[in-house]
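File shown: start02.pdb. Contents: PDB, C-alpha atoms.
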ATOM      1  CA  VAL A   1      68.473 168.170  25.650  1.00  0.00           C
ATOM      2  CA  ALA A   2      71.035 168.036  28.474  1.00  0.00           C
ATOM      3  CA  PHE A   3      69.616 166.423  31.630  1.00  0.00           C
ATOM      4  CA  GLU A   4      72.023 167.125  34.500  1.00  0.00           C
ATOM      5  CA  THR A   5      72.947 163.981  36.414  1.00  0.00           C
ATOM      6  CA  ALA A   6      75.946 165.320  38.386  1.00  0.00           C
ATOM      7  CA  PRO A   7      77.899 168.578  38.574  1.00  0.00           C
ATOM      8  CA  GLN A   8      79.118 169.412  35.046  1.00  0.00           C
ATOM      9  CA  THR A   9      77.752 166.062  33.798  1.00  0.00           C
ATOM     10  CA  ASP A  10      74.661 165.467  31.661  1.00  0.00           C
ATOM     11  CA  LEU A  11      72.617 162.801  29.948  1.00  0.00           C
ATOM     12  CA  LEU A  12      72.323 163.865  26.298  1.00  0.00           C
ATOM     13  CA  VAL A  13      68.699 163.008  25.655  1.00  0.00           C
ATOM     14  CA  TRP A  14      66.924 162.916  22.315  1.00  0.00           C
ATOM     15  CA  THR A  15      63.328 164.062  21.869  1.00  0.00           C
ATOM     16  CA  THR A  16      61.271 165.156  18.889  1.00  0.00           C
ATOM     17  CA  THR A  17      58.324 166.220  21.044  1.00  0.00           C
ATOM     18  CA  PRO A  18      59.258 169.050  23.431  1.00  0.00           C
ATOM     19  CA  TRP A  19      55.612 169.357  24.525  1.00  0.00           C
ATOM     20  CA  THR A  20      55.904 165.967  26.278  1.00  0.00           C
ATOM     21  CA  LEU A  21      58.785 167.117  28.509  1.00  0.00           C
ATOM     22  CA  PRO A  22      56.475 168.369  31.302  1.00  0.00           C
ATOM     23  CA  GLY A  23      55.395 164.706  31.549  1.00  0.00           C
ATOM     24  CA  ASN A  24      58.950 163.365  31.722  1.00  0.00           C
ATOM     25  CA  VAL A  25      59.574 161.040  34.658  1.00  0.00           C
ATOM     26  CA  ALA A  26      62.605 159.011  33.495  1.00  0.00           C
ATOM     27  CA  VAL A  27      65.312 158.514  30.888  1.00  0.00           C
ATOM     28  CA  ALA A  28      65.615 155.067  29.299  1.00  0.00           C
ATOM     29  CA  VAL A  29      68.870 153.411  28.201  1.00  0.00           C
ATOM     30  CA  HIS A  30      69.514 150.006  26.659  1.00  0.00           C
ATOM     31  CA  PRO A  31      71.193 147.807  29.277  1.00  0.00           C
ATOM     32  CA  LEU A  32      73.532 146.115  26.779  1.00  0.00           C
ATOM     33  CA  VAL A  33      74.627 149.184  24.806  1.00  0.00           C
ATOM     34  CA  ASP A  34      77.947 150.877  25.541  1.00  0.00           C
ATOM     35  CA  TYR A  35      77.712 154.562  26.501  1.00  0.00           C
ATOM     36  CA  VAL A  36      80.584 157.035  26.490  1.00  0.00           C
ATOM     37  CA  LEU A  37      81.117 160.135  28.595  1.00  0.00           C
ATOM     38  CA  ALA A  38      82.319 162.827  26.192  1.00  0.00           C
ATOM     39  CA  LYS A  39      83.605 166.312  26.838  1.00  0.00           C
ATOM     40  CA  ARG A  40      81.225 169.119  25.823  1.00  0.00           C
ATOM     41  CA  GLY A  41      82.744 172.516  26.482  1.00  0.00           C
ATOM     42  CA  ASP A  42      83.261 172.769  30.233  1.00  0.00           C
ATOM     43  CA  ARG A  43      80.791 169.932  30.792  1.00  0.00           C
ATOM     44  CA  ARG A  44      80.574 166.234  29.947  1.00  0.00           C
ATOM     45  CA  GLY A  45      77.716 164.226  28.495  1.00  0.00           C
ATOM     46  CA  TRP A  46      76.679 160.569  28.211  1.00  0.00           C
ATOM     47  CA  ILE A  47      75.785 159.311  24.728  1.00  0.00           C
ATOM     48  CA  ALA A  48      75.531 155.855  23.127  1.00  0.00           C
ATOM     49  CA  LYS A  49      78.944 154.850  21.819  1.00  0.00           C
ATOM     50  CA  PRO A  50      77.660 153.759  18.368  1.00  0.00           C
ATOM     51  CA  LEU A  51      76.278 157.295  17.853  1.00  0.00           C
ATOM     52  CA  TYR A  52      79.242 159.217  19.232  1.00  0.00           C
ATOM     53  CA  GLU A  53      81.134 159.716  15.967  1.00  0.00           C
ATOM     54  CA  LYS A  54      77.940 160.496  14.047  1.00  0.00           C
ATOM     55  CA  LEU A  55      76.865 163.228  16.470  1.00  0.00           C
ATOM     56  CA  LYS A  56      80.267 164.440  17.633  1.00  0.00           C
ATOM     57  CA  GLU A  57      80.327 167.561  15.464  1.00  0.00           C
ATOM     58  CA  LYS A  58      76.612 168.332  15.669  1.00  0.00           C
ATOM     59  CA  LEU A  59      76.584 168.241  19.472  1.00  0.00           C
ATOM     60  CA  GLY A  60      80.001 169.831  19.925  1.00  0.00           C
ATOM     61  CA  LEU A  61      81.498 166.795  21.627  1.00  0.00           C
ATOM     62  CA  GLY A  62      85.157 166.371  22.481  1.00  0.00           C
ATOM     63  CA  ASP A  63      87.080 163.275  23.504  1.00  0.00           C
ATOM     64  CA  ALA A  64      85.297 160.379  25.191  1.00  0.00           C
ATOM     65  CA  THR A  65      86.854 159.796  28.596  1.00  0.00           C
ATOM     66  CA  GLU A  66      84.837 156.901  30.010  1.00  0.00           C
ATOM     67  CA  THR A  67      82.745 153.956  28.790  1.00  0.00           C
ATOM     68  CA  LYS A  68      79.979 152.099  30.626  1.00  0.00           C
ATOM     69  CA  LYS A  69      77.244 149.652  29.758  1.00  0.00           C
ATOM     70  CA  GLY A  70      73.724 151.050  29.919  1.00  0.00           C
ATOM     71  CA  SER A  71      73.065 148.740  32.864  1.00  0.00           C
ATOM     72  CA  ALA A  72      75.691 150.692  34.834  1.00  0.00           C
ATOM     73  CA  LEU A  73      73.807 153.938  34.215  1.00  0.00           C
ATOM     74  CA  VAL A  74      70.514 152.530  35.485  1.00  0.00           C
ATOM     75  CA  GLY A  75      69.691 154.032  38.857  1.00  0.00           C
ATOM     76  CA  LEU A  76      71.406 157.351  38.242  1.00  0.00           C
ATOM     77  CA  LYS A  77      69.319 160.384  39.103  1.00  0.00           C
ATOM     78  CA  TYR A  78      69.027 163.506  36.980  1.00  0.00           C
ATOM     79  CA  LYS A  79      67.480 166.921  37.419  1.00  0.00           C
ATOM     80  CA  HIS A  80      64.283 167.417  35.425  1.00  0.00           C
ATOM     81  CA  PRO A  81      65.219 169.965  32.727  1.00  0.00           C
ATOM     82  CA  LEU A  82      62.105 172.092  33.306  1.00  0.00           C
ATOM     83  CA  PHE A  83      61.072 171.594  36.922  1.00  0.00           C
ATOM     84  CA  GLY A  84      64.286 170.581  38.684  1.00  0.00           C
ATOM     85  CA  HIS A  85      63.079 167.556  40.672  1.00  0.00           C
ATOM     86  CA  GLU A  86      64.957 164.239  40.613  1.00  0.00           C
ATOM     87  CA  CYS A  87      64.070 161.485  38.134  1.00  0.00           C
ATOM     88  CA  PRO A  88      65.713 158.079  37.509  1.00  0.00           C
ATOM     89  CA  VAL A  89      67.529 156.417  34.642  1.00  0.00           C
ATOM     90  CA  VAL A  90      65.814 153.117  33.783  1.00  0.00           C
ATOM     91  CA  SER A  91      66.451 150.278  31.328  1.00  0.00           C
ATOM     92  CA  ALA A  92      64.380 149.549  28.215  1.00  0.00           C
ATOM     93  CA  GLU A  93      65.285 147.093  25.485  1.00  0.00           C
ATOM     94  CA  TYR A  94      63.413 149.040  22.794  1.00  0.00           C
ATOM     95  CA  VAL A  95      66.038 151.811  22.960  1.00  0.00           C
ATOM     96  CA  THR A  96      67.965 151.730  19.674  1.00  0.00           C
ATOM     97  CA  VAL A  97      71.167 153.249  18.335  1.00  0.00           C
ATOM     98  CA  GLU A  98      69.815 153.790  14.830  1.00  0.00           C
ATOM     99  CA  ASP A  99      69.051 157.432  15.552  1.00  0.00           C
ATOM    100  CA  GLY A 100      68.761 159.857  18.444  1.00  0.00           C
ATOM    101  CA  THR A 101      71.408 159.610  21.166  1.00  0.00           C
ATOM    102  CA  GLY A 102      70.598 156.225  22.706  1.00  0.00           C
ATOM    103  CA  LEU A 103      69.037 157.927  25.737  1.00  0.00           C
ATOM    104  CA  VAL A 104      65.274 158.246  25.462  1.00  0.00           C
ATOM    105  CA  HIS A 105      63.084 160.802  27.214  1.00  0.00           C
ATOM    106  CA  THR A 106      60.353 158.782  28.901  1.00  0.00           C
ATOM    107  CA  ALA A 107      56.857 160.087  29.597  1.00  0.00           C
ATOM    108  CA  PRO A 108      54.526 157.183  30.504  1.00  0.00           C
ATOM    109  CA  GLY A 109      51.435 159.349  30.048  1.00  0.00           C
ATOM    110  CA  HIS A 110      52.256 160.043  26.402  1.00  0.00           C
ATOM    111  CA  GLY A 111      53.087 156.751  24.667  1.00  0.00           C
ATOM    112  CA  GLU A 112      52.585 152.998  24.772  1.00  0.00           C
ATOM    113  CA  ASP A 113      56.260 152.026  25.104  1.00  0.00           C
ATOM    114  CA  ASP A 114      56.745 154.689  27.766  1.00  0.00           C
ATOM    115  CA  TYR A 115      53.605 153.525  29.553  1.00  0.00           C
ATOM    116  CA  GLN A 116      54.828 149.924  29.688  1.00  0.00           C
ATOM    117  CA  THR A 117      58.220 151.134  30.943  1.00  0.00           C
ATOM    118  CA  GLY A 118      56.400 153.129  33.609  1.00  0.00           C
ATOM    119  CA  LEU A 119      54.520 150.051  34.789  1.00  0.00           C
ATOM    120  CA  ARG A 120      57.671 147.920  34.749  1.00  0.00           C
ATOM    121  CA  HIS A 121      59.658 150.410  36.831  1.00  0.00           C
ATOM    122  CA  ASN A 122      56.810 151.719  38.981  1.00  0.00           C
ATOM    123  CA  LEU A 123      57.061 155.233  37.540  1.00  0.00           C
ATOM    124  CA  PRO A 124      54.401 157.936  37.879  1.00  0.00           C
ATOM    125  CA  ILE A 125      51.952 157.913  34.949  1.00  0.00           C
ATOM    126  CA  LEU A 126      51.777 161.646  34.369  1.00  0.00           C
ATOM    127  CA  SER A 127      49.768 163.194  31.532  1.00  0.00           C
ATOM    128  CA  PRO A 128      49.278 166.923  32.170  1.00  0.00           C
ATOM    129  CA  VAL A 129      46.942 167.331  29.185  1.00  0.00           C
ATOM    130  CA  ASP A 130      43.149 167.548  29.220  1.00  0.00           C
ATOM    131  CA  GLU A 131      40.729 165.978  26.736  1.00  0.00           C
ATOM    132  CA  GLY A 132      40.852 169.071  24.559  1.00  0.00           C
ATOM    133  CA  GLY A 133      44.618 168.904  24.128  1.00  0.00           C
ATOM    134  CA  PHE A 134      45.412 171.753  26.529  1.00  0.00           C
ATOM    135  CA  PHE A 135      47.938 171.635  29.349  1.00  0.00           C
ATOM    136  CA  THR A 136      46.588 171.238  32.874  1.00  0.00           C
ATOM    137  CA  GLU A 137      47.910 172.763  36.089  1.00  0.00           C
ATOM    138  CA  GLU A 138      50.501 169.964  36.354  1.00  0.00           C
ATOM    139  CA  ALA A 139      52.305 171.529  33.362  1.00  0.00           C
ATOM    140  CA  GLY A 140      53.130 174.613  35.425  1.00  0.00           C
ATOM    141  CA  PRO A 141      53.703 177.780  33.374  1.00  0.00           C
ATOM    142  CA  TRP A 142      52.161 176.243  30.237  1.00  0.00           C
ATOM    143  CA  LYS A 143      48.778 175.602  31.863  1.00  0.00           C
ATOM    144  CA  GLY A 144      45.978 176.442  29.438  1.00  0.00           C
ATOM    145  CA  LEU A 145      48.133 176.304  26.297  1.00  0.00           C
ATOM    146  CA  ARG A 146      47.346 173.916  23.472  1.00  0.00           C
ATOM    147  CA  VAL A 147      50.165 171.379  23.612  1.00  0.00           C
ATOM    148  CA  PHE A 148      51.487 172.034  20.105  1.00  0.00           C
ATOM    149  CA  ASP A 149      51.306 175.786  20.591  1.00  0.00           C
ATOM    150  CA  ALA A 150      53.443 175.278  23.692  1.00  0.00           C
ATOM    151  CA  ASN A 151      56.197 173.485  21.742  1.00  0.00           C
ATOM    152  CA  PRO A 152      58.191 176.614  20.728  1.00  0.00           C
ATOM    153  CA  LYS A 153      57.717 178.136  24.190  1.00  0.00           C
ATOM    154  CA  ILE A 154      59.139 175.012  25.842  1.00  0.00           C
ATOM    155  CA  VAL A 155      62.068 175.010  23.415  1.00  0.00           C
ATOM    156  CA  GLU A 156      62.685 178.682  24.253  1.00  0.00           C
ATOM    157  CA  ASP A 157      62.622 177.825  27.965  1.00  0.00           C
ATOM    158  CA  LEU A 158      65.145 175.028  27.417  1.00  0.00           C
ATOM    159  CA  ARG A 159      67.396 177.429  25.535  1.00  0.00           C
ATOM    160  CA  ASP A 160      67.132 180.023  28.301  1.00  0.00           C
ATOM    161  CA  ARG A 161      68.188 177.367  30.802  1.00  0.00           C
ATOM    162  CA  GLY A 162      71.130 176.404  28.609  1.00  0.00           C
ATOM    163  CA  VAL A 163      70.054 172.779  28.253  1.00  0.00           C
ATOM    164  CA  ALA A 164      68.797 172.753  24.648  1.00  0.00           C
ATOM    165  CA  ILE A 165      71.798 171.393  22.760  1.00  0.00           C
ATOM    166  CA  VAL A 166      70.510 171.418  19.189  1.00  0.00           C
ATOM    167  CA  PHE A 167      67.150 172.091  17.610  1.00  0.00           C
ATOM    168  CA  VAL A 168      66.337 171.918  13.904  1.00  0.00           C
ATOM    169  CA  SER A 169      63.228 173.335  12.290  1.00  0.00           C
ATOM    170  CA  HIS A 170      62.183 174.013   8.746  1.00  0.00           C
ATOM    171  CA  ARG A 171      59.033 175.141   7.054  1.00  0.00           C
ATOM    172  CA  LEU A 172      57.102 172.427   5.278  1.00  0.00           C
ATOM    173  CA  GLU A 173      57.826 173.845   1.838  1.00  0.00           C
ATOM    174  CA  GLU A 174      61.572 173.398   2.481  1.00  0.00           C
ATOM    175  CA  VAL A 175      61.072 169.780   3.513  1.00  0.00           C
ATOM    176  CA  PHE A 176      59.682 168.920   0.083  1.00  0.00           C
ATOM    177  CA  GLU A 177      62.925 170.116  -1.457  1.00  0.00           C
ATOM    178  CA  ILE A 178      65.088 167.974   0.843  1.00  0.00           C
ATOM    179  CA  ALA A 179      63.680 164.462   0.788  1.00  0.00           C
ATOM    180  CA  ASP A 180      62.812 162.001  -1.962  1.00  0.00           C
ATOM    181  CA  ARG A 181      60.195 160.347   0.192  1.00  0.00           C
ATOM    182  CA  ILE A 182      58.258 162.094   2.941  1.00  0.00           C
ATOM    183  CA  THR A 183      56.732 160.484   6.014  1.00  0.00           C
ATOM    184  CA  VAL A 184      54.681 163.042   7.891  1.00  0.00           C
ATOM    185  CA  PHE A 185      53.444 162.805  11.465  1.00  0.00           C
ATOM    186  CA  PRO A 186      51.576 166.067  12.143  1.00  0.00           C
ATOM    187  CA  ASP A 187      50.460 166.039  15.759  1.00  0.00           C
ATOM    188  CA  GLY A 188      51.899 162.537  16.171  1.00  0.00           C
ATOM    189  CA  ARG A 189      49.515 160.966  13.642  1.00  0.00           C
ATOM    190  CA  LEU A 190      50.793 159.176  10.518  1.00  0.00           C
ATOM    191  CA  ILE A 191      49.289 160.896   7.486  1.00  0.00           C
ATOM    192  CA  SER A 192      51.164 159.533   4.505  1.00  0.00           C
ATOM    193  CA  THR A 193      54.383 158.185   3.115  1.00  0.00           C
ATOM    194  CA  ARG A 194      55.026 158.310  -0.604  1.00  0.00           C
ATOM    195  CA  PRO A 195      57.537 159.600  -3.165  1.00  0.00           C
ATOM    196  CA  ARG A 196      57.812 163.366  -3.325  1.00  0.00           C
ATOM    197  CA  SER A 197      56.723 163.261  -6.976  1.00  0.00           C
ATOM    198  CA  GLU A 198      53.328 162.002  -5.838  1.00  0.00           C
ATOM    199  CA  MET A 199      52.913 164.484  -2.981  1.00  0.00           C
ATOM    200  CA  THR A 200      52.524 168.239  -2.864  1.00  0.00           C
ATOM    201  CA  PRO A 201      51.900 170.443   0.152  1.00  0.00           C
ATOM    202  CA  GLN A 202      48.847 171.902  -1.551  1.00  0.00           C
ATOM    203  CA  ARG A 203      47.237 168.532  -2.198  1.00  0.00           C
ATOM    204  CA  ALA A 204      48.275 166.353   0.743  1.00  0.00           C
ATOM    205  CA  PHE A 205      48.985 168.792   3.574  1.00  0.00           C
ATOM    206  CA  ALA A 206      47.187 172.000   2.651  1.00  0.00           C
ATOM    207  CA  ASP A 207      46.340 172.700   6.272  1.00  0.00           C
ATOM    208  CA  MET A 208      50.007 172.396   7.267  1.00  0.00           C
ATOM    209  CA  VAL A 209      51.635 174.673   4.691  1.00  0.00           C
ATOM    210  CA  GLY A 210      53.651 177.378   6.402  1.00  0.00           C
ATOM    211  CA  ARG A 211      53.628 175.821   9.840  1.00  0.00           C
ATOM    212  CA  GLU A 212      56.897 175.043  11.569  1.00  0.00           C
ATOM    213  CA  VAL A 213      57.961 171.411  11.693  1.00  0.00           C
ATOM    214  CA  GLY A 214      60.708 169.638  13.568  1.00  0.00           C
ATOM    215  CA  LEU A 215      62.876 167.198  11.660  1.00  0.00           C
ATOM    216  CA  PHE A 216      63.894 163.699  12.580  1.00  0.00           C
ATOM    217  CA  GLU A 217      67.231 162.544  11.217  1.00  0.00           C
ATOM    218  CA  PRO A 218      66.845 161.460   7.559  1.00  0.00           C
ATOM    219  CA  ARG A 219      67.657 157.782   7.136  1.00  0.00           C
ATOM    220  CA  PRO A 220      67.535 155.203   4.333  1.00  0.00           C
ATOM    221  CA  SER A 221      64.209 153.489   3.810  1.00  0.00           C
ATOM    222  CA  ALA A 222      63.571 149.929   2.704  1.00  0.00           C
ATOM    223  CA  GLU A 223      63.729 151.075  -0.919  1.00  0.00           C
ATOM    224  CA  ARG A 224      67.314 151.456  -2.077  1.00  0.00           C
ATOM    225  CA  GLY A 225      68.290 155.047  -2.762  1.00  0.00           C
ATOM    226  CA  ASP A 226      65.213 156.422  -1.069  1.00  0.00           C
ATOM    227  CA  VAL A 227      65.245 158.776   1.905  1.00  0.00           C
ATOM    228  CA  VAL A 228      62.618 158.845   4.627  1.00  0.00           C
ATOM    229  CA  LEU A 229      62.222 162.165   6.391  1.00  0.00           C
ATOM    230  CA  SER A 230      59.758 162.332   9.266  1.00  0.00           C
ATOM    231  CA  VAL A 231      58.357 165.638  10.428  1.00  0.00           C
ATOM    232  CA  ARG A 232      56.188 166.672  13.350  1.00  0.00           C
ATOM    233  CA  GLY A 233      54.171 169.848  13.540  1.00  0.00           C
ATOM    234  CA  LEU A 234      55.065 172.408  16.197  1.00  0.00           C
ATOM    235  CA  GLY A 235      51.865 174.415  16.027  1.00  0.00           C
ATOM    236  CA  ARG A 236      50.280 176.775  13.564  1.00  0.00           C
TER     237      ARG A 236
END

Render the structure in this file as C-alpha cells.
Amino acid sequence: VAFETAPQTDLLVWTTTPWTLPGNVAVAVHPLVDYVLAKRGDRRGWIAKPLYEKLKEKLGLGDATETKKGSALVGLKYKHPLFGHECPVVSAEYVTVEDGTGLVHTAPGHGEDDYQTGLRHNLPILSPVDEGGFFTEEAGPWKGLRVFDANPKIVEDLRDRGVAIVFVSHRLEEVFEIADRITVFPDGRLISTRPRSEMTPQRAFADMVGREVGLFEPRPSAERGDVVLSVRGLGR
C-alpha cells in the first residue's frame, strides 16, 4: 500500500491484514537498515534496499535515486491511506528485510509488537473492533461489518484511491497445489503446519474450503527443500 509522505512520494508499506488499516497510527522502519527512494511511474516510493531488487518488477519500480538509513526516515509524516489524517514514521528493531518491504504498517490495538511500539512512541492505542469482531464507529464506513468480511471492501477502497500497489489472492484449493508445506493462519490464528501430503482441505480446513485467502511470500523453511506458505482468510 502506498502511504503518501510528500507530493508524488510514498512509503511502500506491506500488510497482510487490510482489516487492521483503520487502526493504523504509524509506519515502522528499522533504524539501521538502508532505504532507497525508487521511481514508480510518475511517483517515487521508499523501500528497504535489501528488498529493492526482489520487488522491483512486482511493484513496478524504476531506478533508485536516493538512499537513507531508516533513522533518517523517522519523524516523517504520511497521510493515512483511508482517512487522510497525518501519522508518523517510527523506529522498531523487529522490522526485518526477510519479506515485505521493510516498512511495517503499525496498529497498536491489533498486535503485541505494535502495542509495545505504541507505548514506546506514545502512539494512540486504537482498536475499532468490538468484542464480537465487528467494526465500531471509529472504523468509519465499515462500522457494523465483521472485520474479515470488511477485508475485500477495504482492499477495493484502497484500489479506488489508487494506493493499493499489489494484492494477491487465491482460493484455498489452489494453495494446496502450490506449496509443499502449508502454514495456515485463518483469522490470525495458527491452525497447522505440516507437509501437503499429510493435509487436505477436506480434513484439516473443511470450514475454509472455497473462501478467499491472501498469500504471504513463500519462503524456505528450516527443512531443506521445503516451502512454507502462510495464508490468511479474507472472509467467507

Next item on the list: Find the spatial neighbours of Asp114 in chain A, counting all atoms listed in the file, within a cut-off of 12 Å - ignore same-chain residues fewer than 4 positions away - and output them as a PyMOL selection string.
Entry: chain A and resi 20+23-28+90-95+104-110+118-127

Just to be explicit: take each residue in the selection above, keep C-alpha atoms, and write the result as a short mmCIF file (atom, residue, chain, number, x, y, z; two decimals), in the frame of the given file.
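Writing done, so here's result-v1.cif:
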data_model
loop_
_atom_site.label_atom_id
_atom_site.label_comp_id
_atom_site.auth_asym_id
_atom_site.auth_seq_id
_atom_site.Cartn_x
_atom_site.Cartn_y
_atom_site.Cartn_z
CA THR A 20 55.90 165.97 26.28
CA GLY A 23 55.40 164.71 31.55
CA ASN A 24 58.95 163.36 31.72
CA VAL A 25 59.57 161.04 34.66
CA ALA A 26 62.60 159.01 33.49
CA VAL A 27 65.31 158.51 30.89
CA ALA A 28 65.61 155.07 29.30
CA VAL A 90 65.81 153.12 33.78
CA SER A 91 66.45 150.28 31.33
CA ALA A 92 64.38 149.55 28.22
CA GLU A 93 65.28 147.09 25.48
CA TYR A 94 63.41 149.04 22.79
CA VAL A 95 66.04 151.81 22.96
CA VAL A 104 65.27 158.25 25.46
CA HIS A 105 63.08 160.80 27.21
CA THR A 106 60.35 158.78 28.90
CA ALA A 107 56.86 160.09 29.60
CA PRO A 108 54.53 157.18 30.50
CA GLY A 109 51.44 159.35 30.05
CA HIS A 110 52.26 160.04 26.40
CA GLY A 118 56.40 153.13 33.61
CA LEU A 119 54.52 150.05 34.79
CA ARG A 120 57.67 147.92 34.75
CA HIS A 121 59.66 150.41 36.83
CA ASN A 122 56.81 151.72 38.98
CA LEU A 123 57.06 155.23 37.54
CA PRO A 124 54.40 157.94 37.88
CA ILE A 125 51.95 157.91 34.95
CA LEU A 126 51.78 161.65 34.37
CA SER A 127 49.77 163.19 31.53
#

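Atom to atom, CA of Thr17 in chain A and CA of Glu66 in chain A stand 29.5 Å apart.
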
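With only C-alpha atoms as the atoms that count, the minimum distance from Ala139 in chain A to the choices A:Val33, A:His85, A:Ala72, A:Pro22 is reached by A:Pro22.
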
Checklist line | Residue contacts of Gly133 in chain A (8 Å, all atoms listed in the file) excluding same-chain residues fewer than 2 positions away, as number ranges by chain | finding: A: 129-131, 135, 146-147

Could you turn the residues from that selection into a file that holds C-alpha atoms, as an mmCIF file, in the coordinates of the input?
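What ended up in result_15.cif:
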data_model
loop_
_atom_site.group_PDB
_atom_site.id
_atom_site.type_symbol
_atom_site.label_atom_id
_atom_site.label_comp_id
_atom_site.auth_asym_id
_atom_site.auth_seq_id
_atom_site.Cartn_x
_atom_site.Cartn_y
_atom_site.Cartn_z
ATOM 1 C CA VAL A 129 46.942 167.331 29.185
ATOM 2 C CA ASP A 130 43.149 167.548 29.220
ATOM 3 C CA GLU A 131 40.729 165.978 26.736
ATOM 4 C CA PHE A 135 47.938 171.635 29.349
ATOM 5 C CA ARG A 146 47.346 173.916 23.472
ATOM 6 C CA VAL A 147 50.165 171.379 23.612
#

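One distance worth recording is that between CA of Thr15 in chain A and CA of Thr101 in chain A, which is 9.3 Å.
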
Note to self: Excluding Pro141 in chain A and its own-chain neighbours fewer than 2 positions away, which residues fall within 12 Å of it when counting all atoms listed in the file? Please give them as JSON, numbers by chain.
What the structure shows: {"A": [22, 82, 83, 128, 135, 136, 137, 138, 139, 143, 144, 145, 150, 153, 154, 157]}

Given the file shown, enumerate the residues that the PyMOL selection byres ((chain A and resi 56-64) around 9) captures and present them as a CSV table (one decimal) with C-alpha atoms, keeping the file's coordinate frame.
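Full text of part-v8.csv as output:
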chain,number,residue,atom,x,y,z
A,36,VAL,CA,80.6,157.0,26.5
A,37,LEU,CA,81.1,160.1,28.6
A,38,ALA,CA,82.3,162.8,26.2
A,39,LYS,CA,83.6,166.3,26.8
A,40,ARG,CA,81.2,169.1,25.8
A,41,GLY,CA,82.7,172.5,26.5
A,44,ARG,CA,80.6,166.2,29.9
A,45,GLY,CA,77.7,164.2,28.5
A,51,LEU,CA,76.3,157.3,17.9
A,52,TYR,CA,79.2,159.2,19.2
A,53,GLU,CA,81.1,159.7,16.0
A,54,LYS,CA,77.9,160.5,14.0
A,55,LEU,CA,76.9,163.2,16.5
A,65,THR,CA,86.9,159.8,28.6
A,66,GLU,CA,84.8,156.9,30.0
A,67,THR,CA,82.7,154.0,28.8
A,165,ILE,CA,71.8,171.4,22.8
A,166,VAL,CA,70.5,171.4,19.2

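Between CA of Pro7 in chain A and CA of Ile47 in chain A the separation is 16.8 Å.
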
Test item: residues at most 6 Å from Gly70 in chain A, only C-alpha atoms, excluding those fewer than 2 positions along its chain, as a PDB file with C-alpha atoms, keeping the file's coordinate frame:
ATOM      1  CA  VAL A  29      68.870 153.411  28.201  1.00  0.00           C
ATOM      2  CA  HIS A  30      69.514 150.006  26.659  1.00  0.00           C
ATOM      3  CA  PRO A  31      71.193 147.807  29.277  1.00  0.00           C
ATOM      4  CA  LEU A  32      73.532 146.115  26.779  1.00  0.00           C
ATOM      5  CA  VAL A  33      74.627 149.184  24.806  1.00  0.00           C
ATOM      6  CA  ALA A  72      75.691 150.692  34.834  1.00  0.00           C
ATOM      7  CA  LEU A  73      73.807 153.938  34.215  1.00  0.00           C
TER       8      LEU A  73
END

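Comparing the minimum interatomic distances between Arg43 in chain A and each of A:Phe3, A:Phe148, A:Trp142, A:Phe134, counting only C-alpha atoms, we find that A:Phe3 sits nearest.
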
4 Å per side around range 144-157 of chain A: axis-aligned box centre and edge lengths, as lines of an AutoDock Vina configuration file:
center_x = 54.3
center_y = 175.0
center_z = 24.8
size_x = 24.7
size_y = 15.3
size_z = 17.3
